[in-house]
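**Q** To be precise about what I am sending: the file is called query-v5.txt and holds compact mmCIF, C-alpha atoms.
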# COMPACT_ATOMS: atom_id res chain seq x y z
CA MET A 283 11.90 5.61 -36.24
CA ARG A 284 11.86 2.54 -33.96
CA GLY A 285 13.67 4.54 -31.29
CA LEU A 286 10.97 7.20 -31.39
CA PHE A 287 8.18 4.63 -30.97
CA PHE A 288 10.09 2.93 -28.16
CA ALA A 289 10.63 6.25 -26.35
CA LEU A 290 6.94 7.14 -26.74
CA PHE A 291 5.86 3.71 -25.47
CA LEU A 292 8.21 3.98 -22.49
CA ALA A 293 6.94 7.46 -21.63
CA LEU A 294 3.32 6.27 -21.73
CA ALA A 295 4.15 3.25 -19.55
CA VAL A 296 5.85 5.42 -16.93
CA ALA A 297 2.95 7.91 -16.95
CA GLY A 298 0.48 5.06 -16.49
CA ALA A 299 2.44 3.67 -13.54
CA TRP A 300 2.43 7.06 -11.83
CA ALA A 301 -1.30 7.46 -12.43
CA GLN A 302 -2.01 4.20 -10.59
CA GLU A 303 -0.64 5.16 -7.18
CA LYS A 304 -1.72 2.87 -4.38
CA THR A 305 -4.16 4.20 -1.83
CA VAL A 306 -3.15 3.02 1.65
CA LEU A 307 -5.03 4.05 4.80
CA ARG A 308 -4.36 3.32 8.47
CA LEU A 309 -7.71 2.92 10.19
CA GLN A 310 -9.31 1.55 13.32
CA ALA A 311 -11.23 -1.67 12.73
CA THR A 312 -13.84 -3.63 14.59
CA ALA A 313 -15.68 -6.82 13.67
CA TYR A 314 -19.38 -7.61 13.39
CA THR A 315 -21.57 -10.64 12.83
CA SER A 316 -25.02 -11.23 11.38
CA SER A 317 -26.70 -10.80 14.73
CA VAL A 318 -29.90 -8.75 14.95
CA ARG A 319 -28.39 -6.84 17.89
CA GLU A 320 -25.47 -5.73 15.68
CA THR A 321 -27.33 -5.00 12.44
CA ASP A 322 -30.80 -4.05 11.22
CA ARG A 323 -33.78 -6.34 10.59
CA THR A 324 -32.00 -7.98 7.62
CA PRO A 325 -28.83 -9.24 9.33
CA PHE A 326 -27.58 -11.41 6.44
CA VAL A 327 -27.94 -8.74 3.74
CA THR A 328 -25.54 -5.80 3.34
CA ALA A 329 -26.43 -2.26 2.28
CA THR A 330 -25.63 -3.20 -1.32
CA GLY A 331 -27.85 -6.31 -1.25
CA MET A 332 -24.90 -8.72 -1.04
CA ARG A 333 -25.12 -11.67 1.35
CA THR A 334 -22.76 -11.46 4.30
CA ARG A 335 -19.67 -13.65 4.08
CA LEU A 336 -16.03 -13.58 5.07
CA GLY A 337 -14.53 -10.87 2.90
CA VAL A 338 -17.33 -8.32 3.38
CA LEU A 339 -16.28 -4.97 4.77
CA ALA A 340 -18.43 -2.17 6.17
CA VAL A 341 -17.02 1.36 6.23
CA SER A 342 -18.05 4.45 8.13
CA PRO A 343 -20.22 6.84 6.06
CA ASP A 344 -17.42 9.42 5.75
CA LEU A 345 -15.17 6.82 4.04
CA LEU A 346 -17.71 6.06 1.29
CA LYS A 347 -16.31 9.05 -0.62
CA VAL A 348 -12.85 7.46 -0.67
CA LEU A 349 -13.95 3.81 -0.63
CA PRO A 350 -17.24 3.58 -2.57
CA TYR A 351 -19.32 0.40 -2.58
CA GLY A 352 -17.60 -2.29 -4.61
CA THR A 353 -14.05 -1.18 -3.80
CA LYS A 354 -11.73 -4.16 -3.36
CA VAL A 355 -9.12 -3.90 -0.61
CA ARG A 356 -6.51 -5.91 1.28
CA LEU A 357 -6.10 -5.60 5.04
CA ARG A 358 -3.08 -6.02 7.31
CA ASP A 359 -3.45 -6.44 11.07
CA LEU A 360 -1.36 -3.83 12.91
CA GLY A 361 -2.47 -4.92 16.40
CA SER A 362 -4.84 -3.65 19.03
CA VAL A 363 -5.17 0.03 19.82
CA GLN A 364 -3.13 -0.67 22.97
CA GLY A 365 -0.29 -1.91 20.73
CA ARG A 366 -0.58 -5.64 21.42
CA GLY A 367 -1.27 -8.65 19.22
CA ARG A 368 0.16 -7.41 15.93
CA GLY A 369 -0.68 -9.95 13.22
CA GLN A 370 -2.90 -12.02 15.53
CA PHE A 371 -5.68 -11.96 12.92
CA ALA A 372 -3.41 -12.20 9.88
CA TYR A 373 -4.94 -15.61 9.12
CA LEU A 374 -8.24 -13.87 8.35
CA PHE A 375 -6.63 -11.30 6.07
CA GLN A 376 -3.94 -13.34 4.34
CA ASP A 377 -4.57 -13.88 0.62
CA ARG A 378 -8.08 -12.43 0.94
CA VAL A 379 -9.52 -9.52 -0.98
CA PHE A 380 -12.29 -7.72 0.89
CA VAL A 381 -15.09 -5.82 -0.81
CA VAL A 382 -16.78 -2.72 0.57
CA ALA A 383 -20.43 -3.78 0.64
CA ASP A 384 -21.87 -2.32 3.83
CA VAL A 385 -21.98 0.90 5.81
CA MET A 386 -21.62 1.47 9.55
CA HIS A 387 -23.81 3.65 11.75
CA SER A 388 -23.72 7.36 10.92
CA ARG A 389 -21.98 8.24 14.21
CA MET A 390 -18.85 6.30 13.17
CA ARG A 391 -15.92 8.14 11.57
CA GLN A 392 -12.73 6.83 9.92
CA LYS A 393 -13.44 3.18 10.81
CA VAL A 394 -13.99 -0.14 9.08
CA ASP A 395 -15.97 -3.15 10.27
CA VAL A 396 -14.96 -6.66 9.19
CA TRP A 397 -17.74 -9.28 8.96
CA LEU A 398 -16.94 -12.46 10.88
CA PRO A 399 -19.02 -15.65 11.07
CA ASP A 400 -19.05 -15.99 14.88
CA ARG A 401 -19.46 -13.61 17.80
CA ALA A 402 -16.61 -15.07 19.90
CA THR A 403 -14.03 -14.28 17.21
CA ALA A 404 -15.56 -10.83 16.67
CA LEU A 405 -15.25 -10.07 20.39
CA ARG A 406 -11.63 -11.31 20.44
CA PHE A 407 -10.94 -9.09 17.42
CA GLY A 408 -11.92 -6.06 19.48
CA LEU A 409 -10.71 -2.63 18.36
CA ARG A 410 -7.59 -2.91 16.18
CA TRP A 411 -5.51 -0.88 13.81
CA VAL A 412 -5.42 -2.10 10.21
CA GLU A 413 -3.61 -1.01 7.12
CA LEU A 414 -6.05 -0.91 4.22
CA GLU A 415 -4.68 -1.02 0.67
CA VAL A 416 -7.02 -0.42 -2.26
CA VAL A 417 -6.68 -3.17 -4.88
CA ALA A 418 -9.35 -1.95 -7.31
CA TYR A 419 -12.08 0.66 -7.45
CA PRO A 420 -15.48 -0.27 -8.91
CA LYS A 421 -16.00 0.33 -12.59
CA ARG A 422 -18.35 3.22 -13.29
Can the structure in the file be given as structure tokens, please?

**A**
Amino acid sequence: MRGLFFALFLALAVAGAWAQEKTVLRLQATAYTSSVRETDRTPFVTATGMRTRLGVLAVSPDLLKVLPYGTKVRLRDLGSVQGRGRGQFAYLFQDRVFVVADVMHSRMRQKVDVWLPDRATALRFGLRWVELEVVAYPKR
């Protein structure tokens, strides 16, 4: 009888592990700040009403289906689109969980925008490739 319960428990554990596959996307990323020229008339408030801070992520409107507001993700710097500077901004991403709390302009597709506190760093960030791994989806 114990063997039957153990086998059933093991089967359920394996099925649960398969059901929780990781979602990993390779996307282009830019950076933005709370400047009026880069946002709307409420530069320190995201589309969800959250205050901007390091760890806030904006996604293009087409990605909201895959990464709805409240999704928690980790990022890995894969370098610029020209293939240089891999890991240059790892210090911003290391041990940090980002939350999808904002949306980019409707003309953007398959992109993410990382909020940064200063314009100089955002300009240095430029256009980069990132690997985005979903940590947790929002509870419904």

**Q** Give me, as a list of chain:residue names, all polymer residues having an atom no more than 7 Å from A:Pro325, counting only C-alpha atoms and skipping those fewer than 6 positions away in the same chain.

**A**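 Within the cut-off, the hits are A:Ser316, A:Ser317, A:Val318.
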
**Q** Set the distance at 8 Å and use all atoms listed in the file: which residues neighbour stretch 380-382 of chain A once local chain neighbours fewer than 6 positions away are removed? I'd like the list as JSON, numbers by chain.

**A** {"A": [337, 338, 339, 340, 341, 349, 350, 351, 352, 353, 354, 355, 356, 357]}

**Q** Residues near stretch 363-376 of chain A, anyone? I mean within 12 Å using only C-alpha atoms, not counting same-chain ones fewer than 3 positions away, as an mmCIF file with C-alpha atoms, keeping the file's coordinate frame.

**A**
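Full text of around-v4.cif as output:
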data_model
loop_
_atom_site.group_PDB
_atom_site.id
_atom_site.type_symbol
_atom_site.label_atom_id
_atom_site.label_comp_id
_atom_site.auth_asym_id
_atom_site.auth_seq_id
_atom_site.Cartn_x
_atom_site.Cartn_y
_atom_site.Cartn_z
ATOM 1 C CA ARG A 308 -4.360 3.320 8.470
ATOM 2 C CA LEU A 309 -7.710 2.920 10.190
ATOM 3 C CA GLN A 310 -9.310 1.550 13.320
ATOM 4 C CA ALA A 311 -11.230 -1.670 12.730
ATOM 5 C CA THR A 312 -13.840 -3.630 14.590
ATOM 6 C CA ALA A 313 -15.680 -6.820 13.670
ATOM 7 C CA LEU A 336 -16.030 -13.580 5.070
ATOM 8 C CA GLY A 337 -14.530 -10.870 2.900
ATOM 9 C CA VAL A 338 -17.330 -8.320 3.380
ATOM 10 C CA LEU A 339 -16.280 -4.970 4.770
ATOM 11 C CA VAL A 355 -9.120 -3.900 -0.610
ATOM 12 C CA ARG A 356 -6.510 -5.910 1.280
ATOM 13 C CA LEU A 357 -6.100 -5.600 5.040
ATOM 14 C CA ARG A 358 -3.080 -6.020 7.310
ATOM 15 C CA ASP A 359 -3.450 -6.440 11.070
ATOM 16 C CA LEU A 360 -1.360 -3.830 12.910
ATOM 17 C CA VAL A 379 -9.520 -9.520 -0.980
ATOM 18 C CA PHE A 380 -12.290 -7.720 0.890
ATOM 19 C CA VAL A 396 -14.960 -6.660 9.190
ATOM 20 C CA TRP A 397 -17.740 -9.280 8.960
ATOM 21 C CA LEU A 398 -16.940 -12.460 10.880
ATOM 22 C CA PRO A 399 -19.020 -15.650 11.070
ATOM 23 C CA THR A 403 -14.030 -14.280 17.210
ATOM 24 C CA ALA A 404 -15.560 -10.830 16.670
ATOM 25 C CA ARG A 406 -11.630 -11.310 20.440
ATOM 26 C CA PHE A 407 -10.940 -9.090 17.420
ATOM 27 C CA GLY A 408 -11.920 -6.060 19.480
ATOM 28 C CA LEU A 409 -10.710 -2.630 18.360
ATOM 29 C CA ARG A 410 -7.590 -2.910 16.180
ATOM 30 C CA TRP A 411 -5.510 -0.880 13.810
ATOM 31 C CA VAL A 412 -5.420 -2.100 10.210
ATOM 32 C CA GLU A 413 -3.610 -1.010 7.120
ATOM 33 C CA LEU A 414 -6.050 -0.910 4.220
ATOM 34 C CA GLU A 415 -4.680 -1.020 0.670
#

**Q** Restricting the calculation to all atoms listed in the file, which member of A:Leu307, A:Arg319, A:Thr324, A:Gly361 is positioned closest to A:Gln392?

**A**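 Counting all atoms listed in the file, the residue closest to A:Gln392 is A:Leu307.
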
**Q** So how many Å separate atom CA of A:Ala383 and atom CA of A:Thr330, to one decimal?

**A** 5.6 Å

**Q** Using only C-alpha atoms, which residue out of A:Val348, A:Glu303, A:Asp384, A:Arg389 lies closest to A:Arg335?

**A**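 Comparing A:Val348, A:Glu303, A:Asp384, A:Arg389 against A:Arg335, the winner is A:Asp384.
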
**Q** Atom CA of A:Arg422 to atom CA of A:His387: how many Å, to one decimal?

**A**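 Separation between atom CA of A:Arg422 and atom CA of A:His387: 25.6 Å.
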
**Q** Could you please determine the separation between atom CA of A:Lys421 and atom CA of A:Lys393 in Å, to one decimal place?

**A** 23.7 Å
